[in-house]
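What follows is a single structure, written as structure tokens, with notes after it.
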Amino acid sequence: MASSELNSVGQFTLKVFVALLMGALALAAWQLRDALLLIFLAVIIALALQMPVQRLQRLGLSRGLSVLVSFAGLIVIFVLLLLLFVPVLVEQVSSIADQLPDAYDQAREQYDQEVEKYDWLPKINWDEATGENLRDFVVDQTRQLPQRVFPFVSGLGAVVTSLIVLAFISLFIVVGPTDYLEGALTLVPRSYRARALEIFILLGQGLQRWFVGQLLSMSILAAMITLGTGLILGLENPLALGAFAGLMEFIPNFGSVIGVIPGVLIALAEDPALVPWVIVLYLGTQQIQSNLIAPRLMSRQVDLPAAVVLISQVIASALFGFMGLVLAVPLAVVIMILTKEVYVTDVLNSRSAQLETHFRPDGGEYFVVTTTPYRPEKLSPGEAARLMAQGRDLFEEVERQIVEIITPPSPSSESAARGQQMVWVALLGLVVAQGLALLRTLINREAA
């Protein structure tokens with residue numbers, strides 16, 4: 001008796017300790033959320049680099065040389081984009097800042113004239129704002145841009161440091177991915193390691209598909225902006241405008257707004273009359289890209305409903321800020337794969353449900369929900385994953401199971417239900433009538 005009590009107390013203590021440990025780990029993860037998001041971004045970059053590395057290895061290059069060529073190519077592309085775009089942006093922002101005082105004076109005179117014509121317009125005390133204030137505002141916003149993009153660091157030097165750390169983390173993962181994978185599998189129970197390896201592979205493939213779809217979407221938008229600003233509007237540096245718009249497409253929703261800014265700045269510097277046409281061009285191409293091209297690409301690459309994407313962006317941006325918004329979709333991909341593979345297939349032991357529509361002889365329709373088990377009940381998830389990796393078919397004699405039939409009532413059942421309702425109404429009326437008769441009898445007796 002004493003031994004059983006000690007065992008129960010020990011089990012309770014162990015559960016309390018595990019709960020406290022999990023709470024402490026969750027609190028630590030929340031405090032380190034910015035660093036964890038940076039590591040997650042490094043993993044995505046490493047998975048993206050893994051694709052050209054594997055392609056070069058198939059061509060006969062060694063692993064080390066393939067990694068070196070792929071990483072050097074990424075750095076060259078990044079440097080070319082900086083050299084292509086940053087000088088143009090600095091030049092155009094400086095030009096706009098120099099023109100602000102004159103533009104401000106013209107706008108003030110024009111507005112004062114309109115106020116004299118229309119009494120309903122509010123009067124503005126122009127002494128509180130000068131062109132120099134506006135110029136200082138533009139300069140200050142430009143200087144604060146790195147901190148807004150990387151809210152977890154301070155200053156441009158810290159941003160560069162974070163990018164260098166990000167590059168080295170990605171490089172180390174690409175050089176020896178097996179070491180990190182083995183380390184992660186070591187933390188998994190032995191009976192589940194085969195299945196965990198399968199899930200890790202699915203996670204990597206899902207993130208790679210998302211990255212390829214995102215890269216194609218960004219490239220198509222960059223090409224459309226380049227052709228539109230260069231051939232149609234004749235703006236300077238259309239290649240830089242297209243490259244910047246494509247890069248900003250990486251930021252969901254808000255990136256399209258940021259991508260318009262350089263085009264507007266260049267149009268203001270060249271010919272202010274072009275500004276409305278630049279805005280129309282950007283809005284038109286972005287609508288085509290976001291409503292026609294991107295959904296088709298992403299639906300083929302990642303099976304995520306549009307509502308799930310939007311909800312993930314709202315939640316991730318609320319929890320993690322700018323980096324959460326940027327990584328909302330890959331985070332949703334990871335959560336979706338883990339939920340499907342760990343909970344649905346392993347815990348529930350089933351595959352995705354399928355809703356089928358059938359028709360009755362009277363023309364009415366009903367729905368049948370079917371599913372198949374993930375594995376035979378006698379096999380654990382790890383054993384099933386190992387046998388399937390060897391090419392074994394575990395479902396040769398397993399048929400779909402009907403889980404539930406969701407059906408509207410047939411005409412005969414509807415008429416029977418109406419008949420039953422009429423019977424109950426008649427019985428209720430009879431009871432009410434008997435009650436009223438009894439009440440009247442009692443009242444008459446009291447009166448007599």
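Going through the structure tokens in order, the chains are called A, B, and so on, while each chain numbers its residues from 1 and the ligands are numbered from 1 in the order shown.
Look at His358 (chain A): the protein and nucleic acid residues within 8 Å of it, using only C-alpha atoms and passing over chain neighbours fewer than 3 places away, are Glu365, Tyr366, Phe367 and Val368 of chain A.
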For the selection just defined, write its residues with N, CA and C atoms to a file, as a CSV table (one decimal), in the first residue's frame.
```csv
chain,number,residue,atom,x,y,z
A,365,GLU,N,-30.2,14.6,-53.1
A,365,GLU,CA,-28.8,14.3,-52.9
A,365,GLU,C,-28.4,14.1,-51.4
A,366,TYR,N,-27.4,13.3,-51.2
A,366,TYR,CA,-26.9,13.1,-49.9
A,366,TYR,C,-25.3,13.0,-50.0
A,367,PHE,N,-24.7,13.2,-48.9
A,367,PHE,CA,-23.2,13.3,-48.8
A,367,PHE,C,-22.7,12.1,-48.0
A,368,VAL,N,-21.6,11.6,-48.4
A,368,VAL,CA,-20.9,10.5,-47.7
A,368,VAL,C,-19.4,10.9,-47.5
```
Polymer residues at most 10 Å from Leu241 (chain A), only C-alpha atoms, same-chain spacing of 6 or more positions, as a VMD selection string
chain A and resid 84 to 85 88 to 89 222 to 223 225 to 226 229 to 230 235 247 259 to 263 266
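Proximity of A:Glu383, A:Asp393, A:Asp271, A:Glu249 to Ser219 (chain A), computed with only C-alpha atoms, is greatest for A:Glu249.
Between Gln50 (chain A) and the residues A:Phe172, A:Ala29, A:Pro87, A:Val115, the shortest atom-to-atom distance, using only C-alpha atoms, involves A:Phe172.
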Counting only C-alpha atoms, what is within 10 Å of region 313-319 of chain A, bar same-chain residues fewer than 4 positions away, as a ChimeraX atom specification?
/A:30,33,252-253,307-309,323-329,331-332
Do you know which residues are at most 12 Å from Gly73 (chain A) counting only C-alpha atoms, after dropping those on the same chain fewer than 6 positions away, and could you put them as a list in words?
Leu49, Pro52, Val53, Ser66, Val67, Val79 and Leu80 of chain A
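The interatomic distance for the pair CA of Tyr192 (chain A) and CA of Gly382 (chain A) works out to 4.6 Å.
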In region 211-431 of chain A, what's strand (DSSP E) per DSSP? Answer as a PyMOL selection string?
chain A and resi 354-359+365-371+401-406
Backbone DSSP call of helix (DSSP H, G or I) for region 178-422 of chain A, listed as a ChimeraX atom specification
/A:178-186,190-232,238-248,254-270,272-301,306-320,322-326,328-347,381-389,411-422
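With only C-alpha atoms taken into account, the protein and nucleic acid residues at most 12 Å from Thr178 (chain A) (excluding it and anything under 6 positions from it in its own chain) are Phe172, Ala184, Leu185, Leu197, Phe200 and Ile201 of chain A.
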Between CA of Leu292 (chain A) and CA of Leu233 (chain A), what is the distance in Å, rounded to a tenth?
23.6 Å
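Considering only C-alpha atoms, the residue among A:Leu81, A:Gln214, A:Leu348, A:Glu109 positioned nearest to Ala243 (chain A) is A:Leu81.
CA of Met336 (chain A) lies 19.7 Å from CA of Ile39 (chain A).
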